[in-house]
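**Q** I have a structure I would like to understand better, so I am pasting it below and will then ask my questions one at a time.
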Amino acid sequence: SQTCTLYNLPNFLLGLEEKGTPVKLVVIDSLAFLYRVASSSSYTDVNNSSKKNNSLSSTHNLTRMAAFLTELASEFDLAVVAMNHLTTRIEKDDSNNMGGTKLVPALGESWAHSITSRLMIDHYRHFHNTGASSSATHGMEEVRTCTLVKSPHKPNGTALFMITDKGIRGVPPHFLQSQGTKRSRPS
């Protein structure tokens, strides 16, 4: 049903455009889920043939989906943001033993080559002093990062921001200037 909804977007966008309310951003969360569920539920025979066919089919479908979303963005002059989750890949060393783990994009290499720009969004708990007196208290807030990892026309870079009750805001200067500031990953 997710794929059907996506392919009906042009009619929906055209209808809104005709009413004078054009859409400028489409967010898809999560494209990865549909393909991960489909690949994990497939039957695999002794020769892994079903797994290979399913992988080729998923790659083909992802390539078609990327082309469709690129065309949609161009036709309606809008941005398309498709969430791609990270998953853990278990790597083997030379002796076929467990060599460790690595975080990789869930949609794989075919999707990585299909997209124009890639942003990596992350968040950290940020500990800081909240008072100016000697009996200053300590506070904790979520600081988020948005890193441009891939772009055909912009240099890589990172921006810090927070999500507040007023919306998305830049990180206040005291966060950047505070001494002894610690970052820790949320559990």
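Chains: A, B, ... in order of the structure tokens. Residues: from 1 per chain. Ligands: from 1, in order shown.
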Would you list the contacts of Asp122 of chain A as a PyMOL selection string, taking every protein, DNA or RNA residue within 12 Å and counting only C-alpha atoms, but skipping same-chain residues closer than 4 positions in sequence?
**A** chain A and resi 85-86+142-148+158-162+184-186
**Q** Those residues you just picked out, can you put them in a file as a compact mmCIF listing (two decimals), in the first residue's frame with all heavy atoms?
**A**
```
# COMPACT_ATOMS: atom_id res chain seq x y z
N HIS A 85 17.06 4.03 7.15
CA HIS A 85 17.60 3.69 8.46
C HIS A 85 18.95 3.02 8.35
O HIS A 85 19.32 2.50 7.29
CB HIS A 85 16.62 2.79 9.21
CG HIS A 85 15.31 3.45 9.40
ND1 HIS A 85 15.04 4.29 10.45
CD2 HIS A 85 14.18 3.43 8.65
CE1 HIS A 85 13.81 4.74 10.36
NE2 HIS A 85 13.26 4.24 9.27
N LEU A 86 19.67 3.01 9.46
CA LEU A 86 20.93 2.27 9.52
C LEU A 86 20.67 0.90 10.10
O LEU A 86 19.79 0.72 10.94
CB LEU A 86 21.95 3.01 10.39
CG LEU A 86 22.43 4.34 9.85
CD1 LEU A 86 23.36 5.03 10.85
CD2 LEU A 86 23.12 4.19 8.51
N GLU A 142 18.63 17.74 24.14
CA GLU A 142 18.97 17.01 22.93
C GLU A 142 19.51 17.97 21.88
O GLU A 142 18.82 18.90 21.50
CB GLU A 142 17.74 16.29 22.36
CG GLU A 142 17.20 15.19 23.22
CD GLU A 142 17.94 13.88 23.04
OE1 GLU A 142 18.53 13.66 21.97
OE2 GLU A 142 17.91 13.07 23.98
N VAL A 143 20.71 17.76 21.46
CA VAL A 143 21.30 18.52 20.36
C VAL A 143 21.36 17.58 19.18
O VAL A 143 21.79 16.43 19.29
CB VAL A 143 22.72 19.02 20.72
CG1 VAL A 143 23.35 19.71 19.52
CG2 VAL A 143 22.66 19.96 21.90
N ARG A 144 20.92 18.05 18.04
CA ARG A 144 20.89 17.22 16.85
C ARG A 144 21.90 17.74 15.84
O ARG A 144 22.21 18.93 15.82
CB ARG A 144 19.49 17.20 16.26
CG ARG A 144 18.51 16.60 17.26
CD ARG A 144 17.08 16.78 16.86
NE ARG A 144 16.21 16.40 17.94
CZ ARG A 144 15.70 15.19 18.11
NH1 ARG A 144 15.97 14.23 17.27
NH2 ARG A 144 14.91 14.93 19.13
N THR A 145 22.39 16.84 15.02
CA THR A 145 23.31 17.23 13.95
C THR A 145 22.72 16.81 12.62
O THR A 145 22.05 15.78 12.50
CB THR A 145 24.69 16.55 14.11
OG1 THR A 145 24.53 15.13 14.05
CG2 THR A 145 25.35 16.94 15.41
N CYS A 146 22.95 17.63 11.63
CA CYS A 146 22.57 17.31 10.25
C CYS A 146 23.84 17.50 9.43
O CYS A 146 24.34 18.61 9.30
CB CYS A 146 21.45 18.22 9.77
SG CYS A 146 20.91 17.83 8.10
N THR A 147 24.36 16.41 8.91
CA THR A 147 25.61 16.44 8.16
C THR A 147 25.35 16.16 6.69
O THR A 147 24.72 15.16 6.36
CB THR A 147 26.61 15.40 8.72
OG1 THR A 147 26.81 15.66 10.11
CG2 THR A 147 27.93 15.44 7.98
N LEU A 148 25.81 17.05 5.83
CA LEU A 148 25.73 16.83 4.40
C LEU A 148 26.88 15.89 4.03
O LEU A 148 28.05 16.24 4.15
CB LEU A 148 25.85 18.14 3.63
CG LEU A 148 25.77 18.05 2.11
CD1 LEU A 148 24.43 17.47 1.66
CD2 LEU A 148 26.01 19.41 1.49
N THR A 158 28.44 20.22 8.62
CA THR A 158 27.54 19.81 9.68
C THR A 158 26.90 21.03 10.33
O THR A 158 27.57 22.04 10.56
CB THR A 158 28.29 19.00 10.76
OG1 THR A 158 28.84 17.83 10.16
CG2 THR A 158 27.37 18.58 11.89
N ALA A 159 25.61 20.94 10.62
CA ALA A 159 24.88 21.98 11.33
C ALA A 159 24.31 21.38 12.60
O ALA A 159 23.84 20.24 12.60
CB ALA A 159 23.77 22.54 10.46
N LEU A 160 24.37 22.16 13.68
CA LEU A 160 23.77 21.74 14.95
C LEU A 160 22.42 22.43 15.10
O LEU A 160 22.28 23.60 14.74
CB LEU A 160 24.68 22.15 16.12
CG LEU A 160 26.09 21.59 16.11
CD1 LEU A 160 26.90 22.20 17.25
CD2 LEU A 160 26.08 20.09 16.22
N PHE A 161 21.45 21.73 15.65
CA PHE A 161 20.14 22.33 15.87
C PHE A 161 19.43 21.61 17.01
O PHE A 161 19.86 20.55 17.46
CB PHE A 161 19.29 22.31 14.60
CG PHE A 161 18.90 20.93 14.12
CD1 PHE A 161 17.66 20.39 14.43
CD2 PHE A 161 19.78 20.17 13.35
CE1 PHE A 161 17.30 19.13 13.98
CE2 PHE A 161 19.42 18.91 12.89
CZ PHE A 161 18.18 18.39 13.21
N MET A 162 18.36 22.22 17.47
CA MET A 162 17.52 21.65 18.52
C MET A 162 16.07 21.73 18.06
O MET A 162 15.70 22.62 17.31
CB MET A 162 17.70 22.43 19.82
CG MET A 162 19.10 22.39 20.37
SD MET A 162 19.34 23.50 21.78
CE MET A 162 18.32 22.72 22.99
N SER A 184 26.92 12.76 24.95
CA SER A 184 26.77 11.31 25.10
C SER A 184 25.60 10.85 24.25
O SER A 184 24.63 11.58 24.07
CB SER A 184 26.54 10.93 26.56
OG SER A 184 25.27 11.35 26.99
N ARG A 185 25.71 9.69 23.72
CA ARG A 185 24.66 9.12 22.90
C ARG A 185 23.50 8.74 23.79
O ARG A 185 23.70 8.24 24.88
CB ARG A 185 25.16 7.86 22.18
CG ARG A 185 26.29 8.08 21.22
CD ARG A 185 25.83 8.67 19.96
NE ARG A 185 24.72 7.86 19.50
CZ ARG A 185 24.17 8.01 18.33
NH1 ARG A 185 24.59 8.89 17.51
NH2 ARG A 185 23.16 7.26 17.97
N PRO A 186 22.26 8.96 23.33
CA PRO A 186 21.11 8.52 24.12
C PRO A 186 21.06 7.00 24.19
O PRO A 186 21.49 6.32 23.26
CB PRO A 186 19.90 9.07 23.36
CG PRO A 186 20.40 9.56 22.05
CD PRO A 186 21.89 9.62 22.11
```
**Q** Could you please determine the separation between atom CA of Ala79 of chain A and atom CA of Glu141 of chain A in Å, to one decimal place?
**A**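 Taking atom CA of Ala79 of chain A and atom CA of Glu141 of chain A, their separation equals 29.3 Å.
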**Q** Which residues are near Thr87 of chain A? Cut-off 10 Å, only C-alpha atoms, ignore same chain within fewer than 2 positions. Put them as a CSV table (one decimal) with C-alpha atoms, in the first residue's frame.
**A**
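Below is the file selection-v6.csv, written as the result:
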```
chain,number,residue,atom,x,y,z
A,84,ASN,CA,16.9,5.3,5.1
A,85,HIS,CA,17.6,3.7,8.5
A,89,ARG,CA,26.2,-5.6,9.3
A,90,ILE,CA,28.3,-8.4,10.9
A,101,THR,CA,30.0,-5.0,13.2
A,102,LYS,CA,29.5,-1.9,11.0
A,103,LEU,CA,26.6,0.4,10.6
A,104,VAL,CA,25.4,0.5,7.0
A,105,PRO,CA,22.4,2.0,5.2
A,106,ALA,CA,19.5,-0.4,5.2
A,107,LEU,CA,18.6,0.2,1.5
A,108,GLY,CA,22.2,-0.7,0.4
```
**Q** Measure the distance from atom CA of Asn156 of chain A to atom CA of Ile168 of chain A in Å and round it to one decimal.
**A** 21.1 Å
**Q** Counting only C-alpha atoms, which residue out of A:Val80, A:Leu13, A:Ile121, A:Val23 sits closest to Ala67 of chain A?
**A**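 Result for the nearest residue to Ala67 of chain A: A:Val80.
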**Q** I need the residue nearest His123 of chain A from this list: A:Leu9, A:Ile163, A:Gly15, A:Thr63. Use only C-alpha atoms for the distance.
**A**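 With only C-alpha atoms as the atom set, the closest residue is A:Ile163.
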**Q** List as a PyMOL selection string the protein and nucleic acid residues near Ser110 of chain A, meaning an atom at most 9 Å away when only C-alpha atoms are counted, but skip any in the same chain fewer than 3 places from it.
**A** chain A and resi 59-60+62-63+107+113-114
**Q** Mind giving me the straight-line distance from atom CA of Leu31 of chain A to atom CA of His153 of chain A in Å, one decimal?
**A**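 Interatomic distance here is 25.2 Å.
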**Q** In terms of the shortest atom-to-atom distance over only C-alpha atoms, which of A:Ser74, A:Asn11, A:Asn61, A:Thr3 is closest to Leu25 of chain A?
**A** A:Ser74
**Q** With only C-alpha atoms as the basis for distance, which of A:Val171, A:Ile115, A:Val81, A:Val149 is at the shortest distance from Ser30 of chain A?
**A**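 Residue with the minimum atom-to-atom distance to Ser30 of chain A: A:Val81.
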